[in-house]
Amino acid sequence: MTRDTPIRTLPLPLGLLMLASVVPLVGHIPWWILLSLSALVIWRLTGTPLLPLPPRSVRWLAAILVALAIFLRFHTFIGERPGIAFFMMLYGLKLTETETRRDLMVLALLSYVGLLGGMLYDPGIGMGFFSAGFLVLSFTVLAGIVSPQVPLGARVRQAGLFFVQALPVAALVYIVFPRVAGGFWGHQNVAIGQTGVSRVLRPGSISDLVQSRKVALRVIFDGTPPPPAARYFRVYVLSKTDGRTWRPGAPFAKGVTTGRPRIRYTVLLNPSDHKALPALDWPLAAPAPYRLESGGVLAAAQPVRHLLRYRLASGPARMATLTARERAADLRVPAGIGARVVALGRRLAAGGGGGKAIAGRVFGYFLTRHFVYTLTPPPMGARPVARFLFTVRAGYCEDYAAAFAILMRAAGVPARVVVGYVGGRYNPDGGDVVVRERDAHAWDECWIGGRWQRFDPTAVVAPGAIRYGIGAFSRMLARGQTGKGPLGLDAWTRLARFLAGWHDAAVTGWDNWIVSYGWQRQERLLAQLGWKGAHRISLAAGLLGLTALLLYVVRLYGGRQKRPADPALALYQRYQARLARIGLPARGGEGPLAFCARVIRARPDLGPAVQHITQAYIGIRYGGEKHRLPALRRAVWRFLPRAPRS
Amino acid sequence: MTGLERRLTRRMVFLLPTREGGAFAAIVVVVLFAAINYGNGLAYAASFLLAAMAGVSMIGAQRNLVGLACHEVESRADFAGRTVGFRVMLMAPAAGACHGVTVQVIGGEGVTVDLAPGEQRMIELPKAAARRGLVPPPVLRITSLYPLGLLRVFSGRLTLHRPAVAYPRPAVQAALPAGTMPRTHADADAAVTGGSGDFAGLAAFRAGESPHHIHWKAAAAGRGLLVKRFAGQSDLEIWISVRGTGGLEERLSRASRQVIDAERTGYRYGLLLGKRRLPPGQGAGHYEGCLRALALYKGRD
């Protein structure tokens with residue numbers, strides 16, 4: 001690359017590449033940095049600078065000002081955010097001194113750092129597609145800098161070809177490259193989750209989630225998934241209450257999960273920033289780094305900040321013992337709950353029978369008093385249970401769950417509230433169940449017959465909520481439909497659902513293979529492929545071998561001479577190559593006839609064959625005699641001259 | 001002397017990363033380190049894809065040069081003090097174009113060309129000639145940065161065989177020697193074609209005649225190529241000799257000037273180089289032969 005005339009105008013593809021490197025950082029680093037970088041790019045793209053390129057002193061001053069601005073904004077240079085912000089500013093400043101092709105090359109190569117920042121902030125499928133496009137664009141730009149005479153379309157095609165050819169190689173390396181658990185140095189979490197169901201239940205804490213389409217988790221069941229009404233994913237067990245809020249209680253003795261069927265499944269949990277790990281019903285045991293917590297729910301040691309993947313087996317029931325202290329805790333009715341509530345509980349208990357009979361009478365109370373299920377319950381005030389039971393008589397699942405638990409406790413049955421997710425939508429395209437935040441739910445568990453049994457008052461008051469999923473049912477309620485009768489869907493909704501299904505399937509696959517592909521998963525995959533106990537070192541050695549092999553293949557494949565499209569020419573070249581081997585190479589600028597004459601002069605014995613081939617070739621190439629091609633092919637194949645013995 | 005004739009094959013083509021290629025590799029490593037540190041699967045994938053894409057670009061890079069033929073052709077002579085040119089003919093294979101092919105003298109300047117499939121292109125590599133005589137042929141290398149500028153593909157050393165000739169630097173001024181009549185009558189007829197005296201009419205152009213005497217106005221008017229005939233000294237032939245006063249180089253310079261002037265004015269001239277004599281003649285071939293003889297003259301033979 002020679003230092004030629006200064007470049008006044010930024011090539012358009014390079015400008016686009018630089019602007020594209022800004023896109024994934026939007027919303028993550030200060031907007032004024034991205035805006036000024038974009039402005040600089042556009043200024044150089046116009047090629048008619050309103051201002052001349054600034055002298056060196058001005059550039060240094062600008063760099064110092066940028067550093068100062070970054071420091072004032074972040075108070076540090078350490079960390080991803082200030083680092084990327086500082087880099088992007090310097091990247092923009094580089095534009096003010098871009099004059100040679102080498103500078104263009106530097107700009108093109110540094111654009112990858114912006115892309116890297118974007119990938120760290122969001123490793124999702126959308127970013128994946130963006131990155132693929134970015135790579136193709138960047139290779140188009142690189143090709144354009146070194147050979148600008150090649151038309152843009154050809155460069156794009158070439159870059160696309162590189163991408164397609166590189167894909168299988170990169171996939172293979174991706175699978176076997178040794179994964180390291182944990183990083184080199186500590187880092188702040190970059191992928192930040194949003195709050196899902198929280199540890200504390202208070203009126204409105206679940207109905208707030210009803211609008212959220214955000215995917216909380218995806219579940220891949222081994223075999224057929226259970227029906228939606230049987231898919232209760234428990235997240236927190238709440239037994240401590242002050243009458244208004246519910247919190248997890250003290251740890252309690254572990255039991256043994258019993259009953260059939262045992263359901264095996266894989267969960268892909270999106271970052272939640274909580275330690276809790278949703279699990280269907282009662283997990284048999286916690287997988288290695290996780291533990292079973294109070295109430296038989298699963299928890300991680302650290303808040304989940306990256307997509308997490310875990311496998312579980314669950315059963316429908318859990319046998320355990322309830323100590324006297326626990327029983328007392330699960331029977332406690334807070335003092336300020338109101339005498340009327342306690343009286344109602346006692347009255348419902350008076351009918352006798354077991355805990356199930358009492359629960360049935362509580363459900364009957366809800367039904368006969370025409371309790372209403374609503375997404376937008378009115379404010380419940382300081383004594384929510386009493387207000388809900390006697391004044392409002394309308395509420396969301398958390399109101400029903402809280403009231404039910406208090407009434408059961410007042411009736412003398414140990415009861416607690418469970419929050420988690422119910423249902424989710426089965427996606428036949430991906431074979432997984434997608435559970436969104438709006439599927440968040442609260443229900444109850446009562447200690448009856450030596451184990452905790454599930455009671456869901458919402459299922460009694462609003463059966464559709466459980467049958468169609470809370471999210472779908474909420475929308476039906478919002479449209480004034482009831483849960484009765486078939487669910488009418490118009491064509492657009494069907495199409496939207498179909499597309500959403502594909503999208504969900506793609507996202508699940510992506511999360512499964514890209515976002516959550518760590519060393520555990522690698523180990524399991526390699527074991528499935530028959531490489532059990534693959535050690536890091538053997539993996540690295542295998543990888544080196546693979547690289548060497550690939551380089552060899554590339555060298556060999558790239559060394560093959562281009563085959564001309566014209567078969568006659570290809571045959572003629574083969575004939576020439578055979579003559580070259582016996583010391584009669586064709587000379588530049590020598591026509592077929594001159595070559596023929598020279599060969600015959602050197603080797604009269606080859607005369608007939610050489611003449612025949614030359615005539616056939618000339619006839620086909622210049623006389624349009626296509627029918628002579630088979631004859632030429634035969635003649636060339638049979639033409640095996642030997643060097644004269646000396 | 002046969003010149004270089006080479007068609008590049010895989011074994012003659014090598015690959016090394018350029019400085020930009022090194023920077024690219026560094027960026028791939030940065031992305032990979034970030035992937036490892038943050039456990040980011042997408043960054044892992046991106047770093048492997050980047051490396052693999054650069055890797056497969058090696059195929060195209062090699063193919064760009066494999067099959068390219070390089071043949072040496074006659075070099076361009078010039079006077080000492082100016083530049084002579086070594087010339088090679090590049091031929092792209094019929095099946096594919098060769099992009100951004102640089103032919104360079106090892107350790108020197110290069111010329112970059114793009115060749116369409118099957119295209120032939122002559123490339124001249126200039127070299128300053130300080131003194132008269134043979135200029136030794138340079139060693140060439142064919143390189144290319146195609147397709148991405150991350151790798152340099154280069155051929156092995158290509159040694160040219162044909163030296164270029166630097167003619168003696170012509171003296172500023174040297175008077176032409178006096179002319180003599182040709183000895184035979186046939187020669188006299190031929191000699192009539194030269195001269196620069198009075199205008200004596202027009203005749204049809206014959207190959208080898210000086211273009212200075214072509215009647216261009218007549219040619220422009222569409223009357224074909226006509227040559228102006230002059231009376232006077234035209235029937236003379238002159239003998240240019242390297243004998244005389246001064247050093248050998250000085251005498252060669254003068255002879256060089258005389259050859260130029262004689263050719264330019266349209267005389268028939270011969271050359272006396274010690275015992276060797278070049279018979280009188282005219283035209284480009286004769287002119288170059290005389291200058292070449294002067295360039296290679298060792299003295300005392």
# chains A, B, ... in the order shown; residues from 1 in each chain; ligands from 1

call {"tool": "residues_around", "arguments": {"residues": "range 444-460 of chain A", "least_positions_apart": "4", "cutoff": "6 Å", "atoms": "only C-alpha atoms", "output": "list in words"}}
result
Met319, Gly355, Cys397, Ala401, Pro414, Ala415, Arg416, Val417, Val418 and Ile466 of chain A

call {"tool": "write_last_selection", "arguments": {"atoms": "N, CA, C and O atoms", "output": "tab-separated table (two decimals), in the first residue's frame"}}
result
chain	number	residue	atom	x	y	z
A	319	MET	N	-43.38	-35.47	50.19
A	319	MET	CA	-43.69	-35.90	51.54
A	319	MET	C	-42.67	-35.27	52.47
A	319	MET	O	-41.47	-35.28	52.20
A	355	GLY	N	-59.22	-30.54	55.73
A	355	GLY	CA	-58.75	-29.31	55.11
A	355	GLY	C	-59.36	-29.11	53.73
A	355	GLY	O	-59.69	-28.00	53.33
A	397	CYS	N	-55.03	-12.28	41.04
A	397	CYS	CA	-54.67	-13.53	41.69
A	397	CYS	C	-54.00	-13.33	43.03
A	397	CYS	O	-54.23	-14.09	43.98
A	401	ALA	N	-55.11	-15.16	46.42
A	401	ALA	CA	-54.18	-16.06	47.10
A	401	ALA	C	-53.98	-15.62	48.56
A	401	ALA	O	-53.99	-16.45	49.48
A	414	PRO	N	-52.77	-25.10	58.15
A	414	PRO	CA	-51.54	-24.40	57.76
A	414	PRO	C	-51.57	-24.05	56.27
A	414	PRO	O	-51.86	-24.93	55.44
A	415	ALA	N	-51.30	-22.80	55.95
A	415	ALA	CA	-51.41	-22.38	54.54
A	415	ALA	C	-50.33	-21.34	54.25
A	415	ALA	O	-49.85	-20.64	55.15
A	416	ARG	N	-49.94	-21.26	52.99
A	416	ARG	CA	-48.95	-20.29	52.56
A	416	ARG	C	-49.19	-19.90	51.11
A	416	ARG	O	-49.91	-20.60	50.38
A	417	VAL	N	-48.55	-18.81	50.71
A	417	VAL	CA	-48.73	-18.32	49.34
A	417	VAL	C	-47.50	-18.72	48.52
A	417	VAL	O	-46.38	-18.68	49.02
A	418	VAL	N	-47.74	-19.13	47.28
A	418	VAL	CA	-46.63	-19.43	46.38
A	418	VAL	C	-46.75	-18.49	45.18
A	418	VAL	O	-47.84	-18.29	44.66
A	466	ILE	N	-56.62	-19.88	33.92
A	466	ILE	CA	-55.67	-20.97	33.95
A	466	ILE	C	-55.73	-21.76	32.66
A	466	ILE	O	-54.70	-22.18	32.11

call {"tool": "residues_around", "arguments": {"residues": "Ala128 in chain B", "least_positions_apart": "4", "cutoff": "8 Å", "atoms": "only C-alpha atoms", "output": "list in words"}}
result
Gly81, Arg82, Thr83 and Val84 of chain B

call {"tool": "write_last_selection", "arguments": {"atoms": "N, CA, C and O atoms", "output": "short mmCIF file (atom, residue, chain, number, x, y, z; two decimals), in the first residue's frame"}}
result
data_model
loop_
_atom_site.label_atom_id
_atom_site.label_comp_id
_atom_site.auth_asym_id
_atom_site.auth_seq_id
_atom_site.Cartn_x
_atom_site.Cartn_y
_atom_site.Cartn_z
N GLY B 81 22.37 8.11 -18.30
CA GLY B 81 21.85 9.34 -17.72
C GLY B 81 20.34 9.38 -17.73
O GLY B 81 19.73 10.19 -17.06
N ARG B 82 19.73 8.48 -18.51
CA ARG B 82 18.27 8.37 -18.49
C ARG B 82 17.93 6.99 -17.97
O ARG B 82 18.77 6.32 -17.39
N THR B 83 16.68 6.56 -18.11
CA THR B 83 16.31 5.26 -17.55
C THR B 83 16.09 4.26 -18.67
O THR B 83 15.45 4.57 -19.68
N VAL B 84 16.62 3.08 -18.48
CA VAL B 84 16.30 1.98 -19.39
C VAL B 84 15.11 1.25 -18.78
O VAL B 84 14.78 1.45 -17.60
#

call {"tool": "atom_distance", "arguments": {"atom1": "CA of Leu145 in chain B", "atom2": "CA of Glu99 in chain A"}}
result
19.9 Å

call {"tool": "interface_residues", "arguments": {"of": "chain B", "to": "chain A", "cutoff": "7 Å", "atoms": "only C-alpha atoms", "output": "compact mmCIF listing (two decimals) with N, CA and C atoms, in the first residue's frame"}}
result
# COMPACT_ATOMS: atom_id res chain seq x y z
N THR B 9 2.80 -21.37 -10.13
CA THR B 9 2.04 -22.50 -9.60
C THR B 9 1.98 -22.35 -8.08
N ARG B 10 1.27 -23.28 -7.45
CA ARG B 10 1.10 -23.22 -6.01
C ARG B 10 2.45 -23.20 -5.29
N PHE B 24 -5.49 -6.97 12.29
CA PHE B 24 -6.73 -7.76 12.24
C PHE B 24 -6.65 -8.92 13.22
N VAL B 31 -11.33 -9.70 20.69
CA VAL B 31 -12.72 -10.18 20.73
C VAL B 31 -12.78 -11.52 21.46
N ILE B 36 -14.09 -14.78 26.28
CA ILE B 36 -13.74 -15.67 27.38
C ILE B 36 -14.06 -15.00 28.71
N ASN B 37 -13.71 -13.72 28.81
CA ASN B 37 -13.89 -13.03 30.09
C ASN B 37 -15.36 -12.89 30.46
N TYR B 38 -16.17 -12.57 29.47
CA TYR B 38 -17.58 -12.34 29.78
C TYR B 38 -18.43 -13.58 29.51
N GLY B 39 -17.79 -14.66 29.10
CA GLY B 39 -18.55 -15.87 28.80
C GLY B 39 -19.60 -15.60 27.74
N ASN B 40 -19.23 -14.81 26.74
CA ASN B 40 -20.21 -14.34 25.76
C ASN B 40 -20.13 -15.20 24.50
N GLY B 41 -21.12 -16.03 24.30
CA GLY B 41 -21.12 -16.97 23.17
C GLY B 41 -21.08 -16.26 21.83
N LEU B 42 -21.78 -15.15 21.73
CA LEU B 42 -21.82 -14.43 20.46
C LEU B 42 -20.44 -13.88 20.11
N ALA B 43 -19.72 -13.39 21.12
CA ALA B 43 -18.38 -12.88 20.86
C ALA B 43 -17.43 -14.02 20.46
N TYR B 44 -17.60 -15.19 21.10
CA TYR B 44 -16.83 -16.36 20.66
C TYR B 44 -17.10 -16.60 19.17
N ALA B 45 -18.38 -16.67 18.84
CA ALA B 45 -18.74 -16.97 17.45
C ALA B 45 -18.16 -15.93 16.51
N PHE B 48 -14.38 -16.40 16.00
CA PHE B 48 -14.06 -17.54 15.14
C PHE B 48 -14.44 -17.25 13.69
N LEU B 49 -15.58 -16.56 13.53
CA LEU B 49 -16.01 -16.24 12.16
C LEU B 49 -15.01 -15.30 11.49
N ALA B 52 -11.99 -17.27 10.61
CA ALA B 52 -12.25 -18.22 9.52
C ALA B 52 -12.44 -17.49 8.19
N MET B 53 -13.09 -16.30 8.25
CA MET B 53 -13.29 -15.56 7.00
C MET B 53 -11.94 -15.10 6.44
N VAL B 56 -10.38 -18.25 4.92
CA VAL B 56 -10.84 -18.69 3.59
C VAL B 56 -10.48 -17.66 2.52
N SER B 57 -10.22 -16.42 2.94
CA SER B 57 -9.82 -15.44 1.92
C SER B 57 -8.46 -15.80 1.33
N MET B 58 -7.72 -16.68 2.05
CA MET B 58 -6.43 -17.14 1.52
C MET B 58 -6.62 -17.88 0.20
N ILE B 59 -7.77 -18.58 0.08
CA ILE B 59 -8.01 -19.32 -1.16
C ILE B 59 -8.02 -18.34 -2.33
N GLY B 60 -8.84 -17.29 -2.17
CA GLY B 60 -8.94 -16.31 -3.24
C GLY B 60 -7.62 -15.60 -3.48
N GLN B 62 -4.55 -16.73 -3.07
CA GLN B 62 -3.61 -17.56 -3.84
C GLN B 62 -4.06 -17.69 -5.29
N ARG B 63 -5.38 -17.93 -5.44
CA ARG B 63 -5.88 -18.14 -6.80
C ARG B 63 -5.68 -16.94 -7.68
N VAL B 66 -2.05 -17.69 -8.89
CA VAL B 66 -1.74 -18.98 -9.50
C VAL B 66 -2.26 -18.98 -10.93
N GLY B 67 -1.43 -19.38 -11.86
CA GLY B 67 -1.83 -19.42 -13.26
C GLY B 67 -1.38 -18.20 -14.03
N HIS B 71 6.34 -13.45 -18.81
CA HIS B 71 7.37 -13.71 -19.82
C HIS B 71 8.20 -12.46 -20.01
N ALA B 94 -6.95 -17.73 -18.77
CA ALA B 94 -8.22 -17.47 -19.44
C ALA B 94 -9.38 -17.60 -18.47
N ALA B 95 -9.19 -18.34 -17.37
CA ALA B 95 -10.31 -18.63 -16.50
C ALA B 95 -10.55 -17.57 -15.44
N GLY B 96 -9.63 -16.68 -15.22
CA GLY B 96 -9.89 -15.75 -14.13
C GLY B 96 -9.06 -14.49 -14.21
N GLY B 100 -5.02 -6.41 -8.91
CA GLY B 100 -4.00 -5.74 -8.11
C GLY B 100 -2.66 -6.46 -8.12
N LEU B 145 -2.03 -7.84 -2.91
CA LEU B 145 -2.71 -7.72 -1.62
C LEU B 145 -4.16 -8.17 -1.73
N TYR B 146 -4.60 -8.50 -2.92
CA TYR B 146 -5.97 -8.93 -3.14
C TYR B 146 -6.23 -10.17 -2.28
N PRO B 147 -7.43 -10.38 -1.70
CA PRO B 147 -8.63 -9.55 -1.82
C PRO B 147 -8.82 -8.54 -0.69
N LEU B 148 -8.19 -8.73 0.46
CA LEU B 148 -8.57 -7.92 1.62
C LEU B 148 -7.45 -7.03 2.13
N GLY B 149 -6.25 -7.21 1.62
CA GLY B 149 -5.15 -6.41 2.14
C GLY B 149 -4.61 -6.94 3.46

call {"tool": "residues_around", "arguments": {"residues": "range 132-135 of chain B", "least_positions_apart": "2", "cutoff": "8 Å", "atoms": "only C-alpha atoms", "output": "JSON, numbers by chain"}}
result
{"B": [79, 80, 129, 130, 137, 163, 164, 165, 166, 167, 168, 169, 295, 296]}

call {"tool": "residues_around", "arguments": {"residues": "Phe639 in chain A", "least_positions_apart": "2", "cutoff": "12 Å", "atoms": "only C-alpha atoms", "output": "tab-separated table (two decimals) with C-alpha atoms, in the first residue's frame"}}
result
chain	number	residue	atom	x	y	z
A	571	LEU	CA	-8.64	-29.46	-22.90
A	572	TYR	CA	-6.14	-27.42	-24.86
A	574	ARG	CA	-4.25	-29.87	-20.52
A	575	TYR	CA	-2.54	-30.68	-23.81
A	576	GLN	CA	-0.16	-27.76	-23.32
A	577	ALA	CA	0.60	-28.87	-19.78
A	578	ARG	CA	1.51	-32.34	-21.07
A	579	LEU	CA	3.86	-30.84	-23.61
A	606	LEU	CA	4.18	-36.35	-32.32
A	607	GLY	CA	3.17	-34.64	-35.55
A	608	PRO	CA	-0.17	-36.33	-36.39
A	609	ALA	CA	-1.56	-36.08	-32.83
A	610	VAL	CA	-0.43	-32.49	-32.37
A	611	GLN	CA	-1.87	-31.45	-35.70
A	612	HIS	CA	-5.14	-33.20	-35.02
A	613	ILE	CA	-5.53	-31.57	-31.63
A	632	LEU	CA	-10.79	-33.23	-29.13
A	633	ARG	CA	-11.50	-34.71	-25.70
A	634	ARG	CA	-10.56	-38.20	-26.90
A	635	ALA	CA	-7.43	-36.96	-28.59
A	636	VAL	CA	-6.24	-34.99	-25.58
A	637	TRP	CA	-6.92	-37.87	-23.21
A	641	PRO	CA	3.92	-37.74	-24.95
A	642	ARG	CA	7.10	-39.08	-23.38

call {"tool": "closest_residue", "arguments": {"among": "A:Arg340, A:Ile29, A:Leu68, A:Arg311", "to": "Arg387 in chain A", "atoms": "only C-alpha atoms"}}
result
A:Arg340

call {"tool": "select_by_dssp", "arguments": {"residues": "range 22-127 of chain A", "states": "helix (DSSP H, G or I)", "output": "PyMOL selection string"}}
result
chain A and resi 22-25+31-46+56-74+80-97+101-121+125-127

call {"tool": "select_by_dssp", "arguments": {"residues": "range 48-224 of chain B", "states": "strand (DSSP E or B)", "output": "PyMOL selection string"}}
result
chain B and resi 69-76+78-80+82-91+98-105+110-115+120-128+133-135+139-144+151-155+158-159+164-167+180+199-204+214

call {"tool": "residues_around", "arguments": {"residues": "range 12-20 of chain B", "least_positions_apart": "5", "cutoff": "7 Å", "atoms": "only C-alpha atoms", "output": "list of chain:residue names"}}
result
B:Gly149, B:Leu150, B:Leu151, B:Arg152, B:Val153, B:Phe154, B:Ser155, B:Gly156

call {"tool": "atom_distance", "arguments": {"atom1": "CA of Gly591 in chain A", "atom2": "CA of Cys98 in chain B"}}
result
21.7 Å

call {"tool": "residues_around", "arguments": {"residues": "range 85-92 of chain A", "least_positions_apart": "2", "cutoff": "9 Å", "atoms": "only C-alpha atoms", "output": "PyMOL selection string"}}
result
chain A and resi 22+29-30+33-34+36-41+63+66-67+70+77+80-83+94-96+107+110-111+113-114

call {"tool": "write_last_selection", "arguments": {"atoms": "N, CA and C atoms", "output": "PDB file, in the first residue's frame"}}
result
ATOM      1  N   VAL A  22     -21.978   2.038  15.508  1.00  0.00           N
ATOM      2  CA  VAL A  22     -22.563   2.862  16.564  1.00  0.00           C
ATOM      3  C   VAL A  22     -23.902   2.276  17.017  1.00  0.00           C
ATOM      4  N   ILE A  29     -24.165   3.665  25.864  1.00  0.00           N
ATOM      5  CA  ILE A  29     -23.173   4.679  26.208  1.00  0.00           C
ATOM      6  C   ILE A  29     -23.779   6.029  25.835  1.00  0.00           C
ATOM      7  N   PRO A  30     -23.281   7.118  26.464  1.00  0.00           N
ATOM      8  CA  PRO A  30     -23.959   8.411  26.323  1.00  0.00           C
ATOM      9  C   PRO A  30     -24.223   8.789  24.869  1.00  0.00           C
ATOM     10  N   ILE A  33     -21.870  11.042  22.640  1.00  0.00           N
ATOM     11  CA  ILE A  33     -20.668  10.446  22.038  1.00  0.00           C
ATOM     12  C   ILE A  33     -21.021   9.858  20.685  1.00  0.00           C
ATOM     13  N   LEU A  34     -22.121   9.087  20.675  1.00  0.00           N
ATOM     14  CA  LEU A  34     -22.523   8.430  19.427  1.00  0.00           C
ATOM     15  C   LEU A  34     -22.906   9.472  18.385  1.00  0.00           C
ATOM     16  N   SER A  36     -21.823  12.611  18.136  1.00  0.00           N
ATOM     17  CA  SER A  36     -20.686  13.345  17.576  1.00  0.00           C
ATOM     18  C   SER A  36     -19.883  12.455  16.634  1.00  0.00           C
ATOM     19  N   LEU A  37     -19.779  11.148  16.965  1.00  0.00           N
ATOM     20  CA  LEU A  37     -19.087  10.242  16.052  1.00  0.00           C
ATOM     21  C   LEU A  37     -19.820  10.184  14.715  1.00  0.00           C
ATOM     22  N   SER A  38     -21.162  10.040  14.772  1.00  0.00           N
ATOM     23  CA  SER A  38     -21.937   9.980  13.532  1.00  0.00           C
ATOM     24  C   SER A  38     -21.770  11.267  12.737  1.00  0.00           C
ATOM     25  N   ALA A  39     -21.759  12.405  13.451  1.00  0.00           N
ATOM     26  CA  ALA A  39     -21.615  13.685  12.749  1.00  0.00           C
ATOM     27  C   ALA A  39     -20.269  13.755  12.038  1.00  0.00           C
ATOM     28  N   LEU A  40     -19.221  13.274  12.705  1.00  0.00           N
ATOM     29  CA  LEU A  40     -17.894  13.285  12.078  1.00  0.00           C
ATOM     30  C   LEU A  40     -17.876  12.401  10.830  1.00  0.00           C
ATOM     31  N   VAL A  41     -18.540  11.246  10.932  1.00  0.00           N
ATOM     32  CA  VAL A  41     -18.580  10.343   9.773  1.00  0.00           C
ATOM     33  C   VAL A  41     -19.270  11.032   8.608  1.00  0.00           C
ATOM     34  N   ALA A  63      -8.619  15.442  21.995  1.00  0.00           N
ATOM     35  CA  ALA A  63      -8.496  14.173  22.695  1.00  0.00           C
ATOM     36  C   ALA A  63      -8.504  14.392  24.200  1.00  0.00           C
ATOM     37  N   VAL A  66     -11.987  15.213  25.352  1.00  0.00           N
ATOM     38  CA  VAL A  66     -12.821  14.011  25.354  1.00  0.00           C
ATOM     39  C   VAL A  66     -12.554  13.202  26.614  1.00  0.00           C
ATOM     40  N   ALA A  67     -11.268  13.022  26.934  1.00  0.00           N
ATOM     41  CA  ALA A  67     -10.920  12.267  28.137  1.00  0.00           C
ATOM     42  C   ALA A  67     -11.545  12.919  29.359  1.00  0.00           C
ATOM     43  N   ILE A  70     -15.290  12.298  29.440  1.00  0.00           N
ATOM     44  CA  ILE A  70     -15.602  10.915  29.839  1.00  0.00           C
ATOM     45  C   ILE A  70     -15.435  10.783  31.350  1.00  0.00           C
ATOM     46  N   PHE A  77     -12.059   5.499  34.301  1.00  0.00           N
ATOM     47  CA  PHE A  77     -11.820   4.987  32.948  1.00  0.00           C
ATOM     48  C   PHE A  77     -11.901   3.472  32.927  1.00  0.00           C
ATOM     49  N   GLU A  80     -16.311  -1.464  31.299  1.00  0.00           N
ATOM     50  CA  GLU A  80     -16.732  -1.550  29.896  1.00  0.00           C
ATOM     51  C   GLU A  80     -17.258  -0.224  29.394  1.00  0.00           C
ATOM     52  N   ARG A  81     -18.165   0.360  30.192  1.00  0.00           N
ATOM     53  CA  ARG A  81     -18.879   1.521  29.696  1.00  0.00           C
ATOM     54  C   ARG A  81     -17.952   2.704  29.416  1.00  0.00           C
ATOM     55  N   PRO A  82     -17.178   3.153  30.408  1.00  0.00           N
ATOM     56  CA  PRO A  82     -16.271   4.268  30.102  1.00  0.00           C
ATOM     57  C   PRO A  82     -15.237   3.888  29.058  1.00  0.00           C
ATOM     58  N   GLY A  83     -14.796   2.642  29.092  1.00  0.00           N
ATOM     59  CA  GLY A  83     -13.799   2.190  28.117  1.00  0.00           C
ATOM     60  C   GLY A  83     -14.335   2.314  26.708  1.00  0.00           C
ATOM     61  N   LYS A  94     -10.173  10.043  15.138  1.00  0.00           N
ATOM     62  CA  LYS A  94      -9.291   9.478  14.112  1.00  0.00           C
ATOM     63  C   LYS A  94      -9.718   9.962  12.719  1.00  0.00           C
ATOM     64  N   LEU A  95     -11.027  10.232  12.595  1.00  0.00           N
ATOM     65  CA  LEU A  95     -11.547  10.696  11.308  1.00  0.00           C
ATOM     66  C   LEU A  95     -10.945  12.033  10.898  1.00  0.00           C
ATOM     67  N   THR A  96     -10.529  12.832  11.881  1.00  0.00           N
ATOM     68  CA  THR A  96     -10.016  14.153  11.521  1.00  0.00           C
ATOM     69  C   THR A  96      -8.605  14.073  10.964  1.00  0.00           C
ATOM     70  N   LEU A 107      -9.506   2.537  10.314  1.00  0.00           N
ATOM     71  CA  LEU A 107     -10.905   2.842  10.647  1.00  0.00           C
ATOM     72  C   LEU A 107     -11.772   1.604  10.484  1.00  0.00           C
ATOM     73  N   LEU A 110     -11.032  -0.937  13.329  1.00  0.00           N
ATOM     74  CA  LEU A 110     -11.460  -0.536  14.669  1.00  0.00           C
ATOM     75  C   LEU A 110     -12.978  -0.600  14.822  1.00  0.00           C
ATOM     76  N   SER A 111     -13.695  -0.666  13.702  1.00  0.00           N
ATOM     77  CA  SER A 111     -15.156  -0.727  13.821  1.00  0.00           C
ATOM     78  C   SER A 111     -15.587  -1.980  14.568  1.00  0.00           C
ATOM     79  N   VAL A 113     -14.562  -3.016  17.302  1.00  0.00           N
ATOM     80  CA  VAL A 113     -14.645  -2.796  18.749  1.00  0.00           C
ATOM     81  C   VAL A 113     -16.055  -2.327  19.124  1.00  0.00           C
ATOM     82  N   GLY A 114     -16.645  -1.462  18.281  1.00  0.00           N
ATOM     83  CA  GLY A 114     -18.028  -1.060  18.517  1.00  0.00           C
ATOM     84  C   GLY A 114     -18.956  -2.255  18.497  1.00  0.00           C
TER      85      GLY A 114
END

call {"tool": "residues_around", "arguments": {"residues": "range 254-267 of chain B", "least_positions_apart": "2", "cutoff": "6 Å", "atoms": "only C-alpha atoms", "output": "list in words"}}
result
Pro170, Ala171, Ala174, Leu176, Gly194, Arg251, Leu252 and Tyr269 of chain B

call {"tool": "closest_residue", "arguments": {"among": "A:Thr376, A:Thr508, A:Thr266, A:Thr257", "to": "Gly430 in chain A", "atoms": "only C-alpha atoms"}}
result
A:Thr508

call {"tool": "closest_residue", "arguments": {"among": "A:Arg361, A:Arg234, A:Lys214, A:Arg244", "to": "Met380 in chain A", "atoms": "only C-alpha atoms"}}
result
A:Arg244
